[in-house]
>>> print(open('upload28.pdb').read())   # PDB, C-alpha atoms
ATOM      1  CA  MET A 152     102.688  68.035  33.084
ATOM      2  CA  LYS A 153     105.619  67.241  30.965
ATOM      3  CA  MET A 154     104.119  68.821  27.925
ATOM      4  CA  GLU A 155     103.902  72.207  29.534
ATOM      5  CA  GLU A 156     107.573  72.146  30.452
ATOM      6  CA  VAL A 157     108.570  71.295  26.959
ATOM      7  CA  SER A 158     106.409  73.918  25.341
ATOM      8  CA  MET A 159     107.310  76.618  27.846
ATOM      9  CA  SER A 160     110.878  76.393  26.887
ATOM     10  CA  SER A 161     110.429  76.216  23.159
ATOM     11  CA  LEU A 162     107.419  78.387  22.923
ATOM     12  CA  ASP A 163     107.641  80.735  20.036
ATOM     13  CA  ASN A 164     104.809  82.318  18.224
ATOM     14  CA  SER A 165     106.227  81.528  14.847
ATOM     15  CA  LYS A 166     106.654  77.930  15.854
ATOM     16  CA  LEU A 167     103.090  77.739  16.967
ATOM     17  CA  GLU A 168     102.012  79.328  13.757
ATOM     18  CA  GLY A 169     104.072  76.850  11.778
ATOM     19  CA  LEU A 170     102.439  74.076  13.726
ATOM     20  CA  ALA A 171      99.009  75.425  12.962
ATOM     21  CA  GLN A 172      99.853  75.552   9.276
ATOM     22  CA  ASP A 173     101.062  71.996   9.372
ATOM     23  CA  ILE A 174      97.878  70.843  10.979
ATOM     24  CA  LEU A 175      95.841  72.697   8.391
ATOM     25  CA  SER A 176      97.877  71.157   5.644
ATOM     26  CA  ASP A 177      97.217  67.707   7.016
ATOM     27  CA  LEU A 178      93.528  68.368   7.184
ATOM     28  CA  VAL A 179      93.336  69.659   3.628
ATOM     29  CA  GLU A 180      95.273  66.694   2.323
ATOM     30  CA  ASP A 181      92.901  64.457   4.183
ATOM     31  CA  ALA A 182      89.942  66.135   2.524
ATOM     32  CA  CYS A 183      91.497  65.763  -0.918
ATOM     33  CA  LEU A 184      92.246  62.104  -0.413
ATOM     34  CA  GLY A 185      88.738  61.551   0.828
ATOM     35  CA  LEU A 186      87.411  63.105  -2.330
ATOM     36  CA  CYS A 187      89.658  60.929  -4.489
ATOM     37  CA  PHE A 188      88.480  57.759  -2.849
ATOM     38  CA  GLU A 189      84.879  58.822  -3.149
ATOM     39  CA  VAL A 190      85.225  59.629  -6.822
ATOM     40  CA  HIS A 191      87.187  56.499  -7.584
ATOM     41  CA  ARG A 192      84.560  54.329  -5.955
ATOM     42  CA  ALA A 193      81.812  56.119  -7.846
ATOM     43  CA  VAL A 194      83.646  55.520 -11.094
ATOM     44  CA  LYS A 195      84.225  51.855 -10.453
ATOM     45  CA  GLN A 196      80.676  51.274  -9.228
ATOM     46  CA  GLY A 197      79.320  53.097 -12.199
ATOM     47  CA  TYR A 198      77.382  55.911 -10.637
ATOM     48  CA  PHE A 199      79.724  58.787 -11.186
ATOM     49  CA  PHE A 200      78.184  60.081 -14.374
ATOM     50  CA  LEU A 201      74.639  59.193 -13.407
ATOM     51  CA  ASP A 202      73.202  62.652 -13.030
ATOM     52  CA  ASP A 203      74.566  64.062 -16.253
ATOM     53  CA  THR A 204      72.071  64.997 -18.912
ATOM     54  CA  ASP A 205      72.761  65.949 -22.474
ATOM     55  CA  GLN A 206      72.770  69.544 -23.499
ATOM     56  CA  GLU A 207      69.519  69.369 -25.388
ATOM     57  CA  SER A 208      67.420  68.191 -22.454
ATOM     58  CA  MET A 209      69.038  70.780 -20.254
ATOM     59  CA  ARG A 210      67.878  73.464 -22.607
ATOM     60  CA  ASP A 211      64.359  72.097 -22.747
ATOM     61  CA  PHE A 212      63.846  72.373 -19.030
ATOM     62  CA  GLU A 213      65.569  75.613 -18.301
ATOM     63  CA  ILE A 214      63.874  78.032 -15.968
ATOM     64  CA  VAL A 215      61.728  80.577 -17.775
ATOM     65  CA  ASP A 216      62.134  84.153 -16.676
ATOM     66  CA  GLN A 217      59.684  86.238 -18.650
ATOM     67  CA  PRO A 218      56.995  88.559 -17.389
ATOM     68  CA  GLY A 219      53.524  87.062 -17.385
ATOM     69  CA  LEU A 220      54.835  83.504 -17.296
ATOM     70  CA  ASP A 221      55.689  81.181 -14.443
ATOM     71  CA  VAL A 222      58.973  79.266 -14.272
ATOM     72  CA  PHE A 223      57.555  76.501 -16.456
ATOM     73  CA  GLY A 224      56.550  78.922 -19.161
ATOM     74  CA  GLN A 225      52.815  78.668 -18.544
ATOM     75  CA  VAL A 226      50.561  81.663 -18.467
ATOM     76  CA  TYR A 227      49.245  81.850 -14.965
ATOM     77  CA  ASN A 228      46.319  84.228 -14.989
ATOM     78  CA  GLN A 229      44.824  82.850 -18.100
ATOM     79  CA  TRP A 230      41.456  82.092 -16.623
ATOM     80  CA  LYS A 231      40.871  85.151 -14.558
ATOM     81  CA  ASN A 232      38.421  86.707 -16.949
ATOM     82  CA  LYS A 233      36.985  83.683 -18.678
ATOM     83  CA  GLU A 234      33.394  82.718 -18.277
ATOM     84  CA  CYS A 235      31.885  79.263 -18.246
ATOM     85  CA  VAL A 236      28.447  78.044 -19.133
ATOM     86  CA  CYS A 237      26.790  76.071 -16.368
ATOM     87  CA  PRO A 238      25.639  72.677 -17.697
ATOM     88  CA  ASN A 239      22.694  72.678 -15.334
ATOM     89  CA  CYS A 240      21.071  76.053 -15.649
ATOM     90  CA  SER A 241      22.840  77.185 -18.829
ATOM     91  CA  ARG A 242      23.887  80.450 -17.357
ATOM     92  CA  SER A 243      27.201  82.112 -18.005
ATOM     93  CA  ILE A 244      29.209  82.268 -14.770
ATOM     94  CA  ALA A 245      32.587  83.825 -14.025
ATOM     95  CA  ALA A 246      35.364  81.233 -13.659
ATOM     96  CA  SER A 247      36.207  82.003 -10.043
ATOM     97  CA  ARG A 248      32.569  81.780  -9.026
ATOM     98  CA  PHE A 249      31.919  78.650 -11.006
ATOM     99  CA  ALA A 250      32.593  76.016  -8.370
ATOM    100  CA  PRO A 251      30.408  77.506  -5.653
ATOM    101  CA  HIS A 252      27.679  78.114  -8.191
ATOM    102  CA  LEU A 253      27.770  74.482  -9.296
ATOM    103  CA  GLU A 254      27.524  73.383  -5.707
ATOM    104  CA  LYS A 255      24.295  75.248  -5.223
ATOM    105  CA  CYS A 256      22.986  74.568  -8.647
ATOM    106  CA  LEU A 257      23.425  70.786  -8.561
ATOM    107  CA  GLY A 258      22.507  70.556  -4.904
ATOM    108  CA  MET A 259      25.597  68.603  -3.993
ATOM    109  CA  GLY A 260      27.767  70.646  -1.701
ATOM    110  CA  ARG A 261      27.776  70.760   2.084
ATOM    111  CA  ASN A 262      26.080  74.112   2.248
ATOM    112  CA  SER A 263      23.468  73.463  -0.327
ATOM    113  CA  SER A 264      22.093  70.451   1.532
ATOM    114  CA  ARG A 265      21.970  72.450   4.733
ATOM    115  CA  ILE A 266      20.080  75.252   3.091
ATOM    116  CA  ALA A 267      17.710  72.822   1.444
ATOM    117  CA  ASN A 268      17.017  71.078   4.699
ATOM    118  CA  ARG A 269      16.339  74.284   6.456
ATOM    119  CA  ARG A 270      13.896  75.227   3.796
ATOM    120  CA  ILE A 271      12.169  71.907   4.186
ATOM    121  CA  VAL A 272      11.927  72.290   7.926
ATOM    122  CA  THR A 273      10.481  75.759   7.811
ATOM    123  CA  GLY A 274       8.277  74.658   4.934
ATOM    124  CA  ASN A 275       6.882  71.859   7.092
ATOM    125  CA  ASN A 276       6.329  74.209   9.971
ATOM    126  CA  THR A 277       3.768  76.128   8.023
ATOM    127  CA  ASN A 278       2.458  72.996   6.311
ATOM    128  CA  ASN A 279       1.536  71.546   9.676
ATOM    129  CA  LYS A 280       2.461  67.937   9.670
ATOM    130  CA  SER A 281       3.832  67.694  13.140
ATOM    131  CA  GLU A 282       2.104  64.756  14.743
ATOM    132  CA  SER A 283       4.344  62.358  16.455
ATOM    133  CA  ASP A 284       4.261  59.736  13.858
ATOM    134  CA  GLN A 285       6.469  57.183  15.405
ATOM    135  CA  GLU A 286       7.691  54.685  12.950
ATOM    136  CA  ASP A 287       9.556  52.080  14.808
ATOM    137  CA  ASN A 288      12.440  50.543  13.086
ATOM    138  CA  ASP A 289      12.949  52.438   9.906
ATOM    139  CA  ASP A 290      13.365  55.859  11.296
ATOM    140  CA  VAL A 291      15.218  54.651  14.314
ATOM    141  CA  ASN A 292      18.534  55.823  13.028
ATOM    142  CA  ASP A 293      17.302  59.280  12.354
ATOM    143  CA  ASN A 294      17.036  62.193  14.588
ATOM    144  CA  ASP A 295      14.222  62.453  17.096
ATOM    145  CA  TRP A 296      13.619  66.074  16.834
ATOM    146  CA  SER A 297      11.538  66.726  13.828
ATOM    147  CA  TYR A 298       9.211  63.886  13.180
ATOM    148  CA  GLY A 299       7.402  65.507  10.338
ATOM    149  CA  ALA A 300      10.455  66.462   8.402
ATOM    150  CA  GLU A 301      12.035  63.079   8.870
ATOM    151  CA  LYS A 302       9.995  61.399   6.268
ATOM    152  CA  LYS A 303      10.856  63.892   3.625
ATOM    153  CA  ALA A 304      14.505  64.247   4.228
ATOM    154  CA  LYS A 305      15.463  60.936   5.784
ATOM    155  CA  LYS A 306      18.889  60.420   4.310
ATOM    156  CA  ARG A 307      20.144  63.898   4.823
ATOM    157  CA  LYS A 308      19.080  64.130   8.411
ATOM    158  CA  SER A 309      21.219  61.267   9.528
ATOM    159  CA  ASP A 310      24.319  63.216   8.568
ATOM    160  CA  LYS A 311      23.537  66.067  10.837
ATOM    161  CA  ASN A 312      24.609  66.725  14.344
ATOM    162  CA  PRO A 313      21.489  66.865  16.500
ATOM    163  CA  ASN A 314      23.042  69.546  18.604
ATOM    164  CA  SER A 315      23.839  71.808  15.745
ATOM    165  CA  PRO A 316      22.790  75.346  16.611
ATOM    166  CA  ARG A 317      21.279  75.781  13.204
ATOM    167  CA  ARG A 318      18.170  73.846  14.013
ATOM    168  CA  SER A 319      15.000  75.791  14.541
ATOM    169  CA  LYS A 320      14.364  75.161  18.165
ATOM    170  CA  SER A 321      10.756  76.276  18.177
ATOM    171  CA  PHE A 322       9.838  73.415  15.940
ATOM    172  CA  LYS A 323      11.530  70.933  18.237
ATOM    173  CA  HIS A 324       9.434  71.962  21.150
ATOM    174  CA  LYS A 325       6.259  71.570  19.214
ATOM    175  CA  SER A 326       6.688  68.038  18.162
ATOM    176  CA  SER A 327       8.484  66.544  21.092
ATOM    177  CA  MET A 328       9.209  67.486  24.603
ATOM    178  CA  MET A 329      12.709  66.286  24.383
ATOM    179  CA  GLY A 330      14.192  69.457  23.038
ATOM    180  CA  PRO A 331      17.194  71.264  24.423
ATOM    181  CA  ARG A 332      16.635  69.633  27.743
ATOM    182  CA  ARG A 333      18.463  66.680  26.349
ATOM    183  CA  ARG A 334      21.738  68.249  27.207
ATOM    184  CA  LEU A 335      20.994  68.878  30.827
ATOM    185  CA  ASP A 336      19.169  65.955  32.308
ATOM    186  CA  ASN A 337      19.569  62.977  30.174
ATOM    187  CA  GLN A 338      18.409  60.556  32.780
ATOM    188  CA  GLU A 339      15.213  62.057  34.047
ATOM    189  CA  SER A 340      13.342  63.068  30.951
ATOM    190  CA  PRO A 341      11.411  60.372  29.201
ATOM    191  CA  ARG A 342      13.889  58.037  27.740
ATOM    192  CA  MET A 343      15.335  59.476  24.610
ATOM    193  CA  LEU A 344      16.454  57.715  21.575
ATOM    194  CA  MET A 345      20.109  57.970  20.904
ATOM    195  CA  LYS A 346      20.988  57.852  17.301
ATOM    196  CA  ASP A 347      21.573  54.159  17.021
ATOM    197  CA  GLU A 348      19.080  52.720  19.407
ATOM    198  CA  ALA A 349      15.886  50.956  18.581
ATOM    199  CA  PHE A 350      12.577  51.716  20.139
ATOM    200  CA  PRO A 351      12.025  49.358  23.048
ATOM    201  CA  GLN A 352       9.532  46.860  21.955
TER
ATOM    202  CA  MET B  34     114.739  70.351  17.067
ATOM    203  CA  SER B  35     113.687  67.114  18.725
ATOM    204  CA  LYS B  36     111.946  69.132  21.386
ATOM    205  CA  ASP B  37     109.831  70.664  18.688
ATOM    206  CA  SER B  38     109.063  67.384  17.067
ATOM    207  CA  ARG B  39     108.164  66.008  20.461
ATOM    208  CA  MET B  40     105.879  68.915  21.054
ATOM    209  CA  LYS B  41     104.360  68.454  17.671
ATOM    210  CA  ALA B  42     103.732  64.803  18.332
ATOM    211  CA  THR B  43     102.163  65.578  21.674
ATOM    212  CA  VAL B  44      99.928  68.242  20.237
ATOM    213  CA  ASN B  45      98.815  65.940  17.472
ATOM    214  CA  GLN B  46      98.076  63.251  19.957
ATOM    215  CA  LYS B  47      96.027  65.592  22.071
ATOM    216  CA  LEU B  48      94.201  66.814  19.017
ATOM    217  CA  THR B  49      93.130  63.309  18.169
ATOM    218  CA  GLU B  50      92.371  62.195  21.678
ATOM    219  CA  MET B  51      90.108  65.094  22.429
ATOM    220  CA  GLY B  52      88.115  64.583  19.278
ATOM    221  CA  GLU B  53      89.126  67.964  17.999
ATOM    222  CA  ARG B  54      90.762  66.516  14.919
ATOM    223  CA  GLU B  55      87.519  64.841  13.867
ATOM    224  CA  ARG B  56      85.582  68.005  14.480
ATOM    225  CA  LEU B  57      88.023  70.005  12.431
ATOM    226  CA  LYS B  58      87.838  67.483   9.613
ATOM    227  CA  GLU B  59      84.050  67.673   9.557
ATOM    228  CA  LEU B  60      84.154  71.429   9.674
ATOM    229  CA  LEU B  61      86.569  71.585   6.789
ATOM    230  CA  ARG B  62      84.536  69.184   4.707
ATOM    231  CA  ALA B  63      81.351  71.135   5.325
ATOM    232  CA  LYS B  64      82.998  74.419   4.452
ATOM    233  CA  LEU B  65      84.520  73.058   1.289
ATOM    234  CA  THR B  66      81.219  71.680   0.092
ATOM    235  CA  GLU B  67      79.455  74.909   0.962
ATOM    236  CA  CYS B  68      81.824  77.109  -0.983
ATOM    237  CA  GLY B  69      81.681  74.922  -4.095
ATOM    238  CA  TRP B  70      85.158  73.525  -3.859
ATOM    239  CA  LYS B  71      83.896  69.991  -3.973
ATOM    240  CA  ASP B  72      81.900  70.604  -7.141
ATOM    241  CA  GLN B  73      84.884  72.276  -8.774
ATOM    242  CA  MET B  74      87.090  69.348  -7.920
ATOM    243  CA  LYS B  75      84.500  66.880  -9.153
ATOM    244  CA  ALA B  76      84.364  68.655 -12.473
ATOM    245  CA  HIS B  77      88.138  68.430 -12.686
ATOM    246  CA  CYS B  78      87.909  64.727 -11.864
ATOM    247  CA  LYS B  79      85.529  64.251 -14.774
ATOM    248  CA  GLU B  80      88.120  65.648 -17.115
ATOM    249  CA  VAL B  81      90.839  63.439 -15.723
ATOM    250  CA  ILE B  82      88.622  60.402 -16.066
ATOM    251  CA  LYS B  83      87.690  61.223 -19.617
ATOM    252  CA  GLU B  84      91.344  61.590 -20.338
ATOM    253  CA  LYS B  85      92.492  58.368 -18.752
ATOM    254  CA  GLY B  86      89.462  56.347 -19.705
ATOM    255  CA  LEU B  87      86.677  55.222 -17.426
ATOM    256  CA  GLU B  88      87.856  51.667 -17.138
ATOM    257  CA  HIS B  89      91.491  52.322 -16.412
ATOM    258  CA  VAL B  90      91.579  55.190 -13.993
ATOM    259  CA  THR B  91      93.212  54.366 -10.681
ATOM    260  CA  VAL B  92      93.257  55.975  -7.300
ATOM    261  CA  GLU B  93      96.818  57.004  -7.893
ATOM    262  CA  ASP B  94      95.871  58.854 -11.042
ATOM    263  CA  LEU B  95      93.254  60.804  -9.241
ATOM    264  CA  VAL B  96      95.440  61.566  -6.263
ATOM    265  CA  VAL B  97      98.255  62.807  -8.408
ATOM    266  CA  GLU B  98      95.986  65.029 -10.460
ATOM    267  CA  ILE B  99      93.624  66.213  -7.791
ATOM    268  CA  THR B 100      95.652  66.892  -4.686
ATOM    269  CA  PRO B 101      97.833  69.773  -5.859
ATOM    270  CA  LYS B 102      94.929  71.494  -7.505
ATOM    271  CA  GLY B 103      92.740  70.843  -4.489
ATOM    272  CA  ARG B 104      95.221  72.426  -2.142
ATOM    273  CA  ALA B 105      95.511  75.489  -4.294
ATOM    274  CA  LEU B 106      91.808  75.983  -4.688
ATOM    275  CA  VAL B 107      90.869  76.089  -1.025
ATOM    276  CA  PRO B 108      89.438  79.563  -0.504
ATOM    277  CA  ASP B 109      91.216  81.891   1.872
ATOM    278  CA  SER B 110      88.194  82.400   4.062
ATOM    279  CA  VAL B 111      88.010  78.691   4.768
ATOM    280  CA  LYS B 112      91.698  78.546   5.542
ATOM    281  CA  LYS B 113      91.399  81.492   7.875
ATOM    282  CA  GLU B 114      88.552  79.987   9.781
ATOM    283  CA  LEU B 115      90.265  76.669  10.233
ATOM    284  CA  LEU B 116      93.491  78.331  11.304
ATOM    285  CA  HIS B 117      91.592  80.370  13.827
ATOM    286  CA  ARG B 118      90.220  77.285  15.438
ATOM    287  CA  ILE B 119      93.530  75.504  15.391
ATOM    288  CA  ARG B 120      95.283  78.423  17.000
ATOM    289  CA  ALA B 121      92.633  78.602  19.675
ATOM    290  CA  PHE B 122      93.180  74.938  20.404
ATOM    291  CA  LEU B 123      96.924  75.371  20.540
ATOM    292  CA  ALA B 124      96.642  78.360  22.819
ATOM    293  CA  GLN B 125      94.544  76.365  25.173
ATOM    294  CA  HIS B 126      96.365  73.088  25.108
ATOM    295  CA  ALA B 127      99.937  73.768  24.074
ATOM    296  CA  THR B 128     100.726  76.533  26.512
TER
END
>>> encode(input="upload28.pdb", output="structure tokens")
Amino acid sequence: MKMEEVSMSSLDNSKLEGLAQDILSDLVEDACLGLCFEVHRAVKQGYFFLDDTDQESMRDFEIVDQPGLDVFGQVYNQWKNKECVCPNCSRSIAASRFAPHLEKCLGMGRNSSRIANRRIVTGNNTNNKSESDQEDNDDVNDNDWSYGAEKKAKKRKSDKNPNSPRRSKSFKHKSSMMGPRRRLDNQESPRMLMKDEAFPQ
Amino acid sequence: MSKDSRMKATVNQKLTEMGERERLKELLRAKLTECGWKDQMKAHCKEVIKEKGLEHVTVEDLVVEITPKGRALVPDSVKKELLHRIRAFLAQHAT
């Protein structure tokens, strides 16, 4: 290639070095010009000074660097030791235990409804109301398993997963034959109500 | 000397054709932003603008004020790195 011939004859390290410097110089000049154009456009379009704030605001929002405070200047373990009075039972509870306590106390959390339901179920077990009281359309959306408990805890039951391991299986067997077998042979056992079906009329 | 200028022209052409010039430009820009050169220069621009007046500043004004300072303020490490790459290119394609 012609280029090789030319460079072979005039090849000199200092020349190459000079060439490299020239190229660098071009590149730097290019960068500077680019910056100038960018700035000039920003000035003419009016957004060059947009992110400047006055000194006073800058001082207001400076980062705080003191022990015991976070970067905004707030005390961050202020409520570790405080105690709150529960509006329901009027007891004094530690702040970090307050939310779970309220859940149980007001009966509104996930866990508290589960516990309550369990208590109802085992309560019914001993109370002996386990006839198969088949109400047709109203209870249709509820679970099959515990007929007795259904009436008492209708709304809550419909939230639950019928296959949840938490159920007391012994009770299921008592009131209906359709207990755990449901999982294995759906077809053969006497036709089971799925959650949304109606009793065949 | 015309041999040299021919060689220079050829090298430059090769640099552009192979995309190396663009890559070097991007690299330089990234490095300059990284090391704070751009912010320094912008601050200097602000002074120039305040001096000349926001409405009347021209590209020429900026170029005249900024370029010499810009060249001087490029950090040595950036220069070294760029030179290294350029030399590598030259070694590969000019010999």
>>> resolve_selection(input="upload28.pdb", expression="the PyMOL selection byres ((chain B) within 7 of (chain A))", output="ChimeraX atom specification")
/B:36,40,58,62,92,95-96,100,103-104,116,119-120,127-128
>>> atom_distance(input="upload28.pdb", atom1="atom CA of Met74 of chain B", atom2="atom CA of Leu106 of chain B")
8.8 Å
>>> residues_around(input="upload28.pdb", residues="Pro108 of chain B", least_positions_apart="5", cutoff="9 Å", atoms="only C-alpha atoms", output="mmCIF file with C-alpha atoms, in the coordinates of the input")
data_model
loop_
_atom_site.group_PDB
_atom_site.id
_atom_site.type_symbol
_atom_site.label_atom_id
_atom_site.label_comp_id
_atom_site.auth_asym_id
_atom_site.auth_seq_id
_atom_site.Cartn_x
_atom_site.Cartn_y
_atom_site.Cartn_z
ATOM 1 C CA LEU B 65 84.520 73.058 1.289
ATOM 2 C CA CYS B 68 81.824 77.109 -0.983
ATOM 3 C CA TRP B 70 85.158 73.525 -3.859
ATOM 4 C CA LYS B 113 91.399 81.492 7.875
#
>>> atom_distance(input="upload28.pdb", atom1="atom CA of Asp72 of chain B", atom2="atom CA of Glu59 of chain B")
17.1 Å
>>> atom_distance(input="upload28.pdb", atom1="atom CA of Asn228 of chain A", atom2="atom CA of Gly260 of chain A")
26.6 Å
>>> resolve_selection(input="upload28.pdb", expression="the PyMOL selection byres ((chain B and resi 81) around 12)", output="list in words")
Cys187, Val190, His191 and Val194 of chain A; Met74, Lys75, Ala76, His77, Cys78, Lys79, Glu80, Ile82, Lys83, Glu84, Lys85, Gly86, Leu87, His89, Val90, Thr91, Val92, Glu93, Asp94, Leu95, Val96, Val97, Glu98 and Ile99 of chain B
>>> axis_aligned_box(input="upload28.pdb", around="segment 68-86 of chain B", padding_each_side="8 Å", output="AutoDock Vina command-line options")
--center_x 87.1 --center_y 66.7 --center_z -10.7 --size_x 26.8 --size_y 36.8 --size_z 35.4
